[in-house]
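K.L.:
So that you have it, the file is structure-v3.txt, and it contains compact mmCIF, C-alpha atoms and all ligand atoms:
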# COMPACT_ATOMS: atom_id res chain seq x y z
CA MET J 1 0.07 6.44 81.62
CA GLY J 2 0.50 7.72 78.09
CA ASN J 3 1.92 10.96 79.48
CA PHE J 4 4.53 8.97 81.34
CA PHE J 5 5.99 7.76 78.08
CA ILE J 6 5.73 10.87 75.91
CA ASN J 7 5.83 13.76 78.38
CA GLY J 8 8.59 16.20 77.52
CA VAL J 9 9.70 14.23 74.50
CA GLU J 10 11.64 16.24 71.96
CA TRP J 11 10.46 14.71 68.71
CA GLN J 12 13.47 15.98 66.88
CA PHE J 13 15.74 13.99 69.19
CA ILE J 14 13.86 10.77 68.42
CA GLY J 15 15.25 10.94 64.91
CA GLU J 16 18.70 11.51 66.31
CA ILE J 17 18.38 8.48 68.62
CA ILE J 18 17.50 6.30 65.63
CA GLY J 19 20.52 7.57 63.75
CA ARG J 20 22.85 7.15 66.76
CA THR J 21 21.58 3.62 67.43
CA VAL J 22 22.22 2.54 63.84
CA VAL J 23 25.75 4.00 63.94
CA MET J 24 26.58 2.42 67.33
CA PHE J 25 25.16 -0.95 66.27
CA LEU J 26 27.31 -1.01 63.15
CA MET J 27 30.30 0.03 65.24
CA ILE J 28 29.73 -2.81 67.75
CA LEU J 29 29.61 -5.29 64.86
CA LEU J 30 32.79 -3.84 63.37
CA VAL J 31 34.71 -4.00 66.67
CA LEU J 32 33.58 -7.55 67.39
CA ARG J 33 34.69 -8.59 63.90
CA LEU J 34 38.05 -6.87 64.39
CA SER J 35 38.54 -8.62 67.75
CA GLY J 36 38.86 -11.90 65.83
CA LYS J 37 36.31 -13.77 67.95
CA ARG J 38 34.25 -16.17 65.87
CA GLY J 39 31.26 -16.45 68.17
CA VAL J 40 30.14 -16.09 71.72
CA ARG J 41 28.98 -19.56 72.70
CA GLN J 42 31.36 -19.54 75.65
CA LEU J 43 33.22 -16.50 76.90
CA SER J 44 36.03 -16.35 79.40
CA LEU J 45 35.66 -13.86 82.26
CA PHE J 46 38.27 -11.68 80.55
CA GLU J 47 36.09 -11.42 77.46
CA VAL J 48 32.93 -10.84 79.50
CA ALA J 49 34.69 -7.89 81.19
CA ILE J 50 35.54 -6.38 77.82
CA ILE J 51 32.03 -6.86 76.48
CA LEU J 52 30.54 -5.22 79.58
CA GLY J 53 32.80 -2.22 79.01
CA LEU J 54 31.95 -2.00 75.32
CA GLY J 55 28.26 -2.41 76.05
CA SER J 56 28.17 0.55 78.34
CA ALA J 57 30.23 2.71 76.01
CA ALA J 58 27.99 1.73 73.11
CA GLY J 59 24.65 2.09 74.87
CA ASP J 60 24.97 5.53 76.43
CA PRO J 61 25.60 7.59 73.27
CA MET J 62 22.57 5.98 71.63
CA PHE J 63 20.13 8.18 73.56
CA GLN J 64 22.12 10.81 75.44
CA GLU J 65 22.35 13.84 73.21
CA ASP J 66 25.23 15.45 75.16
CA ILE J 67 27.57 12.51 74.49
CA PRO J 68 29.29 12.85 71.12
CA ILE J 69 29.73 9.53 69.36
CA ILE J 70 33.47 10.21 69.01
CA TYR J 71 33.85 9.42 72.76
CA ALA J 72 32.49 5.94 72.12
CA VAL J 73 34.82 5.56 69.15
CA ILE J 74 37.78 6.33 71.44
CA VAL J 75 36.59 3.85 74.11
CA PHE J 76 36.13 1.17 71.44
CA SER J 77 39.53 1.74 69.89
CA VAL J 78 41.38 1.70 73.21
CA THR J 79 39.50 -1.43 74.36
CA LEU J 80 40.31 -3.17 71.10
CA VAL J 81 44.02 -2.28 71.39
CA VAL J 82 44.13 -3.45 75.04
CA TYR J 83 42.28 -6.67 74.15
CA LYS J 84 44.62 -7.41 71.23
CA SER J 85 47.74 -6.63 73.32
CA LEU J 86 46.67 -8.80 76.24
CA THR J 87 45.67 -11.65 73.93
CA TRP J 88 49.08 -11.39 72.26
CA LEU J 89 50.83 -11.40 75.65
CA ALA J 90 48.76 -14.40 76.75
CA SER J 91 49.82 -16.31 73.65
CA LYS J 92 53.48 -15.67 74.56
CA SER J 93 53.30 -16.32 78.30
CA LEU J 94 51.50 -19.10 80.10
CA ARG J 95 51.47 -17.04 83.27
CA VAL J 96 49.68 -14.10 81.65
CA HIS J 97 47.29 -16.56 80.07
CA ARG J 98 46.42 -18.04 83.45
CA VAL J 99 45.96 -14.65 85.09
CA LEU J 100 43.59 -13.55 82.31
CA GLU J 101 41.70 -16.71 81.55
CA GLY J 102 42.08 -18.84 84.69
CA GLN J 103 43.25 -22.44 84.61
CA GLU J 104 41.57 -25.58 83.38
CA THR J 105 40.67 -28.08 86.09
CA ILE J 106 40.48 -31.86 86.10
CA VAL J 107 37.04 -32.81 87.36
CA VAL J 108 36.85 -36.56 86.76
CA ARG J 109 39.83 -38.92 86.64
CA GLU J 110 39.43 -42.65 85.98
CA GLY J 111 35.74 -42.76 86.82
CA MET J 112 35.87 -40.72 90.02
CA PHE J 113 35.55 -37.06 90.91
CA ASP J 114 38.98 -35.56 91.42
CA LEU J 115 38.96 -34.51 95.06
CA LYS J 116 41.32 -31.58 94.57
CA HIS J 117 38.78 -29.63 92.53
CA LYS J 118 36.48 -29.39 95.50
CA LYS J 119 39.01 -27.21 97.27
CA ASP J 120 40.11 -24.94 94.47
CA THR J 121 37.10 -24.27 92.29
CA ASP J 122 33.88 -22.43 92.94
CA PHE J 123 32.10 -24.70 90.50
CA SER J 124 29.65 -26.72 92.61
CA THR J 125 29.29 -30.49 92.34
CA MET J 126 25.74 -29.98 91.05
CA GLU J 127 27.09 -27.96 88.13
CA PHE J 128 29.51 -30.78 87.31
CA PHE J 129 26.56 -33.15 87.24
CA THR J 130 24.71 -30.84 84.86
CA GLU J 131 27.70 -30.49 82.54
CA LEU J 132 28.32 -34.25 82.46
CA ARG J 133 24.64 -35.05 81.89
CA ASN J 134 24.61 -32.56 79.02
CA GLN J 135 27.15 -34.84 77.34
CA SER J 136 24.80 -37.82 77.79
CA ILE J 137 27.02 -39.48 80.40
CA GLU J 138 24.93 -41.88 82.44
CA HIS J 139 27.52 -42.69 85.09
CA LEU J 140 31.13 -41.83 85.97
CA GLY J 141 32.36 -45.32 85.06
CA GLN J 142 32.19 -44.23 81.40
CA VAL J 143 34.58 -41.34 81.95
CA LYS J 144 38.35 -41.62 81.79
CA LEU J 145 39.01 -37.91 82.12
CA ALA J 146 36.83 -34.79 82.30
CA VAL J 147 38.35 -31.32 82.25
CA LEU J 148 36.60 -28.06 83.05
CA GLU J 149 37.91 -25.56 80.50
CA THR J 150 38.48 -21.91 81.31
CA ASP J 151 35.49 -20.87 79.19
CA GLY J 152 33.22 -22.99 81.40
CA SER J 153 32.78 -25.86 78.94
CA MET J 154 33.58 -29.47 79.81
CA SER J 155 35.87 -31.71 77.73
CA VAL J 156 35.45 -35.44 78.21
CA LEU J 157 37.58 -38.47 77.32
CA PHE J 158 35.53 -41.67 77.38
CA TYR J 159 36.43 -45.25 78.12
CA SER J 160 35.78 -47.62 75.25
CA ASP J 161 32.78 -49.94 75.72
CA GLU J 162 35.06 -52.79 76.88
CA GLU J 163 36.75 -50.52 79.44
CA VAL J 164 33.56 -49.13 81.02
CA LYS J 165 33.50 -49.91 84.72
CA PHE J 166 31.05 -49.43 87.57
CA GLY J 167 30.47 -45.79 88.38
CA LEU J 168 28.32 -43.22 90.14
CA PRO J 169 24.99 -42.58 88.33
CA LEU J 170 24.48 -38.96 87.29
CA PHE J 171 20.78 -38.88 86.47
CA PRO J 172 18.24 -38.39 89.28
CA ASP J 173 16.48 -41.75 88.81
CA HIS J 174 19.59 -43.66 89.84
CA TYR J 175 21.43 -41.01 91.86
CA THR J 176 19.52 -41.94 94.99
CA LYS J 177 20.70 -42.95 98.43
CA ILE J 178 20.29 -46.64 99.17
CA ASP J 179 20.67 -48.78 102.27
CA ILE J 180 23.90 -50.69 101.78
CA SER J 181 22.98 -53.26 104.41
CA THR J 182 19.99 -54.54 102.43
CA GLU J 183 20.93 -53.81 98.77
CA HIS J 184 23.42 -55.60 96.57
CA GLY J 185 26.57 -53.85 95.38
CA PRO J 186 28.66 -52.52 93.85
CA PHE J 187 27.96 -49.15 95.40
CA ALA J 188 29.25 -45.71 94.43
CA CYS J 189 30.02 -42.91 96.89
CA MET J 190 27.55 -40.08 96.18
CA ASN J 191 30.21 -37.49 96.91
CA CYS J 192 33.38 -38.64 95.15
CA GLY J 193 32.28 -41.54 92.94
CA TYR J 194 34.47 -44.15 94.64
CA VAL J 195 33.08 -47.63 93.87
CA ILE J 196 33.17 -50.49 96.31
CA CYS J 197 31.68 -53.98 96.59
CA ALA J 198 29.23 -54.79 99.35
CA TYR J 199 31.44 -57.13 101.30
CA THR J 200 34.39 -54.76 101.44
CA ILE J 201 32.45 -51.81 102.82
CA THR J 202 33.58 -50.80 106.27
CA ALA J 203 31.15 -51.50 109.09
CA ASP J 204 30.26 -47.85 109.68
CA GLY J 205 29.58 -47.25 105.96
CA TYR J 206 32.06 -44.41 105.45
CA CYS J 207 33.70 -43.90 102.05
CA PRO J 208 37.39 -44.80 102.47
CA ARG J 209 38.32 -42.08 99.97
CA CYS J 210 36.34 -39.04 101.17
CA GLN J 211 34.62 -40.16 104.41
CA TYR J 212 31.17 -39.45 102.95
CA GLN J 213 28.41 -41.74 104.18
CA HIS J 214 25.83 -41.89 101.38
CA TRP J 215 25.92 -44.53 98.66
CA ALA J 216 24.06 -45.06 95.40
CA LYS J 217 23.82 -48.25 93.38
CA ALA J 218 26.65 -48.17 90.84
CA LEU J 219 25.94 -48.59 87.10
CA ASN J 220 28.15 -50.11 84.42
CA THR J 221 26.04 -49.49 81.33
CA GLU J 222 27.80 -48.71 78.05
CA ARG J 223 27.50 -45.38 76.33
CA ILE J 224 24.56 -44.92 74.00
CA SER J 225 25.83 -43.32 70.84
ZN ZN V 301 33.69 -40.84 98.56
Go ahead and express the file in the form of structure tokens.
P.N.:
Amino acid sequence: MGNFFINGVEWQFIGEIIGRTVVMFLMILLVLRLSGKRGVRQLSLFEVAIILGLGSAAGDPMFQEDIPIIYAVIVFSVTLVVYKSLTWLASKSLRVHRVLEGQETIVVREGMFDLKHKKDTDFSTMEFFTELRNQSIEHLGQVKLAVLETDGSMSVLFYSDEEVKFGLPLFPDHYTKIDISTEHGPFACMNCGYVICAYTITADGYCPRCQYQHWAKALNTERIS
């Protein structure tokens, strides 16, 4: 096993790898600082693509003795120029911005899931639930507007405590299917969040908004701050 790790090692090159790694690491830091990004909490796909390219260009020269570091310097410089140019273009043109970064999507509007998002985003409903729960939202009746930003984060406008209405529960304890013929309403559609009172529900139990058939007991609790 030991042979597997040290067989054929050129000890002299180990020193070179250390030197190359230090140089490349400092260069990565420099380029990221020059890019003007402040942090990497959320990256757009455009930025992920650039980081993947930089990562490969930075990693290879660290341990491959036949790759001069100048090649990586060229890749870094060109990437930085392209990144800066595209960012500049995107700031001038909304169309370029949308091609590069995608478009923000309305997920929740007036306490209900916006039905359009289901057709034109690949974000699954379960991911919406996760994002909304992360913001301590107990049910959709607390939410006036929720927007999925292009970097994958969720921005939420809340109803004030007086405005909170009945809505679909988002946490597992309450997001459970109930029998609408025996329980008391209001009920919330488990698919789109539409809220309805017991006596107005159609006989077959279909949601009038999205035709889904499963209902949960709606909540109208205020936000806990
Ligand atoms: Zn529905």
K.L.:
Return as a count of residues only every polymer residue, whether protein, DNA or RNA, with at least one atom no more than 9 Å from an atom of ligand ZN 301 (chain V); count only C-alpha atoms and all ligand atoms.
P.N.:
21
K.L.:
Find the residues around Glu138 (chain J) up to 7 Å (only C-alpha atoms counted), leave out those fewer than 4 positions away in its own chain, and share them as an NGL selection string.
P.N.:
:J and (133 or 169-171)
K.L.:
Would you list the residues near (27.3, -51.6, 81.8), meaning any protein, DNA or RNA residue with an atom at most 8 Å from that point in file coordinates, counting all atoms listed in the file, as a list in words?
P.N.:
Val164, Lys165, Phe166, Leu219, Asn220, Thr221 and Glu222 of chain J
K.L.:
For Ser35 (chain J), which of J:Phe4, J:Thr182, J:Phe76, J:Asp66 is the closest residue, counting all atoms listed in the file?
P.N.:
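Closest candidate: J:Phe76.
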K.L.:
Within 7 Å of region 96-111 of chain J, counting only C-alpha atoms, which residues qualify if same-chain residues fewer than 2 places away don't, as a VMD selection string?
P.N.:
chain J and resid 44 to 46 89 to 91 93 to 94 113 to 114 117 140 to 150 167
K.L.:
Pick out the residues sitting within 7 Å of Lys217 (chain J), and hand them over as a list of chain:residue names; count only C-alpha atoms, and ignore anything fewer than 4 positions along from it in its own chain.
P.N.:
J:Ile178, J:Gly185, J:Pro186, J:Phe187, J:Ala188
K.L.:
Which is closest to Val81 (chain J) among J:Ile50, J:Ser136, J:Asp173, J:Gly59, if we use all atoms listed in the file?
P.N.:
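Checking each of J:Ile50, J:Ser136, J:Asp173, J:Gly59 against Val81 (chain J), counting all atoms listed in the file, the winner is J:Ile50.
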K.L.:
Given only C-alpha atoms as the basis, pick out the residue of J:Lys92, J:Ile28, J:Thr79, J:Arg33 nearest to Ala49 (chain J).
P.N.:
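That would be J:Thr79, the residue with the smallest distance to Ala49 (chain J).
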K.L.:
Give the answer as one residue: which of J:Ala216, J:Leu32, J:Leu157, J:Cys197 has the shortest atom-to-atom distance to Tyr175 (chain J), using only C-alpha atoms?
P.N.:
J:Ala216
K.L.:
Expressed in Å to a single decimal, how great is the separation between CA of Gln42 (chain J) and CA of Asp151 (chain J)?
P.N.:
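One can read the CA of Gln42 (chain J) to CA of Asp151 (chain J) distance as 5.6 Å.
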K.L.:
To one decimal in Å, tell me the separation between CA of Glu127 (chain J) and CA of Arg95 (chain J).
P.N.:
27.2 Å
K.L.:
So that I can check the surroundings of Gln64 (chain J), please list as an NGL selection string every protein, DNA and RNA residue that reaches within 12 Å of it, counting all atoms listed in the file and ignoring chain neighbours fewer than 5 positions away.
P.N.:
:J and (13-14 or 16-18 or 20-21 or 57-59 or 69 or 72)
K.L.:
Using only C-alpha atoms, can you tell me which of J:Asp60, J:Trp88, J:Ile180, J:Tyr83 comes closest to Val48 (chain J)?
P.N.:
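Looking only at the distances to Val48 (chain J), the closest residue turns out to be J:Tyr83.
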K.L.:
Would you compute an axis-aligned box for region 85-103 of chain J, covering every atom listed for it in the file with 6 Å of margin on each side, and report centre and edge lengths in Å to one decimal as JSON?
P.N.:
{"center_x": 47.6, "center_y": -14.5, "center_z": 78.7, "size_x": 23.8, "size_y": 27.8, "size_z": 24.8}
K.L.:
In Å, with one decimal, what is the gap from CA of Gly8 (chain J) to CA of Phe63 (chain J)?
P.N.:
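Atom-to-atom, CA of Gly8 (chain J) to CA of Phe63 (chain J), that is 14.6 Å.
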K.L.:
Could I see region 53-64 of chain J restored to all heavy atoms, set down as a PDB file, in the coordinates of the input?
P.N.:
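Done, and the output landed in part13.pdb:
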ATOM      1  N   GLY J  53      32.289  -3.567  79.234  1.00  0.00           N
ATOM      2  CA  GLY J  53      32.800  -2.220  79.010  1.00  0.00           C
ATOM      3  C   GLY J  53      32.333  -1.642  77.695  1.00  0.00           C
ATOM      4  O   GLY J  53      31.848  -0.510  77.633  1.00  0.00           O
ATOM      5  N   LEU J  54      32.405  -2.440  76.647  1.00  0.00           N
ATOM      6  CA  LEU J  54      31.950  -2.000  75.320  1.00  0.00           C
ATOM      7  C   LEU J  54      30.458  -1.705  75.337  1.00  0.00           C
ATOM      8  O   LEU J  54      30.002  -0.736  74.751  1.00  0.00           O
ATOM      9  CB  LEU J  54      32.252  -3.073  74.271  1.00  0.00           C
ATOM     10  CG  LEU J  54      33.714  -3.276  73.870  1.00  0.00           C
ATOM     11  CD1 LEU J  54      33.802  -4.341  72.789  1.00  0.00           C
ATOM     12  CD2 LEU J  54      34.306  -1.974  73.356  1.00  0.00           C
ATOM     13  N   GLY J  55      29.710  -2.558  76.025  1.00  0.00           N
ATOM     14  CA  GLY J  55      28.260  -2.410  76.050  1.00  0.00           C
ATOM     15  C   GLY J  55      27.849  -1.077  76.626  1.00  0.00           C
ATOM     16  O   GLY J  55      26.989  -0.386  76.083  1.00  0.00           O
ATOM     17  N   SER J  56      28.498  -0.714  77.711  1.00  0.00           N
ATOM     18  CA  SER J  56      28.170   0.550  78.340  1.00  0.00           C
ATOM     19  C   SER J  56      28.571   1.731  77.464  1.00  0.00           C
ATOM     20  O   SER J  56      27.814   2.682  77.281  1.00  0.00           O
ATOM     21  CB  SER J  56      28.864   0.620  79.704  1.00  0.00           C
ATOM     22  OG  SER J  56      28.879   1.937  80.151  1.00  0.00           O
ATOM     23  N   ALA J  57      29.756   1.621  76.873  1.00  0.00           N
ATOM     24  CA  ALA J  57      30.230   2.710  76.010  1.00  0.00           C
ATOM     25  C   ALA J  57      29.376   2.827  74.755  1.00  0.00           C
ATOM     26  O   ALA J  57      29.214   3.906  74.196  1.00  0.00           O
ATOM     27  CB  ALA J  57      31.687   2.470  75.622  1.00  0.00           C
ATOM     28  N   ALA J  58      28.802   1.710  74.330  1.00  0.00           N
ATOM     29  CA  ALA J  58      27.990   1.730  73.110  1.00  0.00           C
ATOM     30  C   ALA J  58      26.567   2.192  73.399  1.00  0.00           C
ATOM     31  O   ALA J  58      25.943   2.858  72.578  1.00  0.00           O
ATOM     32  CB  ALA J  58      27.951   0.338  72.483  1.00  0.00           C
ATOM     33  N   GLY J  59      26.059   1.828  74.576  1.00  0.00           N
ATOM     34  CA  GLY J  59      24.650   2.090  74.870  1.00  0.00           C
ATOM     35  C   GLY J  59      24.372   3.552  75.181  1.00  0.00           C
ATOM     36  O   GLY J  59      23.388   4.119  74.708  1.00  0.00           O
ATOM     37  N   ASP J  60      25.240   4.175  75.973  1.00  0.00           N
ATOM     38  CA  ASP J  60      24.970   5.530  76.430  1.00  0.00           C
ATOM     39  C   ASP J  60      24.815   6.551  75.295  1.00  0.00           C
ATOM     40  O   ASP J  60      23.862   7.328  75.299  1.00  0.00           O
ATOM     41  CB  ASP J  60      26.045   5.976  77.425  1.00  0.00           C
ATOM     42  CG  ASP J  60      25.970   5.166  78.719  1.00  0.00           C
ATOM     43  OD1 ASP J  60      24.982   4.406  78.865  1.00  0.00           O
ATOM     44  OD2 ASP J  60      26.866   5.280  79.563  1.00  0.00           O
ATOM     45  N   PRO J  61      25.731   6.559  74.319  1.00  0.00           N
ATOM     46  CA  PRO J  61      25.600   7.590  73.270  1.00  0.00           C
ATOM     47  C   PRO J  61      24.388   7.384  72.372  1.00  0.00           C
ATOM     48  O   PRO J  61      24.036   8.273  71.599  1.00  0.00           O
ATOM     49  CB  PRO J  61      26.893   7.417  72.438  1.00  0.00           C
ATOM     50  CG  PRO J  61      27.778   6.556  73.240  1.00  0.00           C
ATOM     51  CD  PRO J  61      26.901   5.723  74.104  1.00  0.00           C
ATOM     52  N   MET J  62      23.733   6.213  72.493  1.00  0.00           N
ATOM     53  CA  MET J  62      22.570   5.980  71.630  1.00  0.00           C
ATOM     54  C   MET J  62      21.465   6.983  71.950  1.00  0.00           C
ATOM     55  O   MET J  62      20.762   7.415  71.061  1.00  0.00           O
ATOM     56  CB  MET J  62      22.040   4.555  71.830  1.00  0.00           C
ATOM     57  CG  MET J  62      22.880   3.472  71.159  1.00  0.00           C
ATOM     58  SD  MET J  62      22.148   1.856  71.464  1.00  0.00           S
ATOM     59  CE  MET J  62      23.340   0.781  70.668  1.00  0.00           C
ATOM     60  N   PHE J  63      21.282   7.327  73.226  1.00  0.00           N
ATOM     61  CA  PHE J  63      20.130   8.180  73.560  1.00  0.00           C
ATOM     62  C   PHE J  63      20.489   9.401  74.414  1.00  0.00           C
ATOM     63  O   PHE J  63      19.621  10.126  74.841  1.00  0.00           O
ATOM     64  CB  PHE J  63      19.057   7.357  74.275  1.00  0.00           C
ATOM     65  CG  PHE J  63      19.537   6.735  75.555  1.00  0.00           C
ATOM     66  CD1 PHE J  63      19.407   7.407  76.758  1.00  0.00           C
ATOM     67  CD2 PHE J  63      20.112   5.467  75.545  1.00  0.00           C
ATOM     68  CE1 PHE J  63      19.860   6.830  77.924  1.00  0.00           C
ATOM     69  CE2 PHE J  63      20.555   4.894  76.716  1.00  0.00           C
ATOM     70  CZ  PHE J  63      20.433   5.581  77.913  1.00  0.00           C
ATOM     71  N   GLN J  64      21.768   9.623  74.679  1.00  0.00           N
ATOM     72  CA  GLN J  64      22.120  10.810  75.440  1.00  0.00           C
ATOM     73  C   GLN J  64      22.738  11.841  74.511  1.00  0.00           C
ATOM     74  O   GLN J  64      23.865  11.680  74.039  1.00  0.00           O
ATOM     75  CB  GLN J  64      23.077  10.427  76.582  1.00  0.00           C
ATOM     76  CG  GLN J  64      22.384   9.488  77.557  1.00  0.00           C
ATOM     77  CD  GLN J  64      23.121   9.357  78.876  1.00  0.00           C
ATOM     78  OE1 GLN J  64      23.918  10.216  79.234  1.00  0.00           O
ATOM     79  NE2 GLN J  64      22.840   8.298  79.607  1.00  0.00           N
TER      80      GLN J  64
END
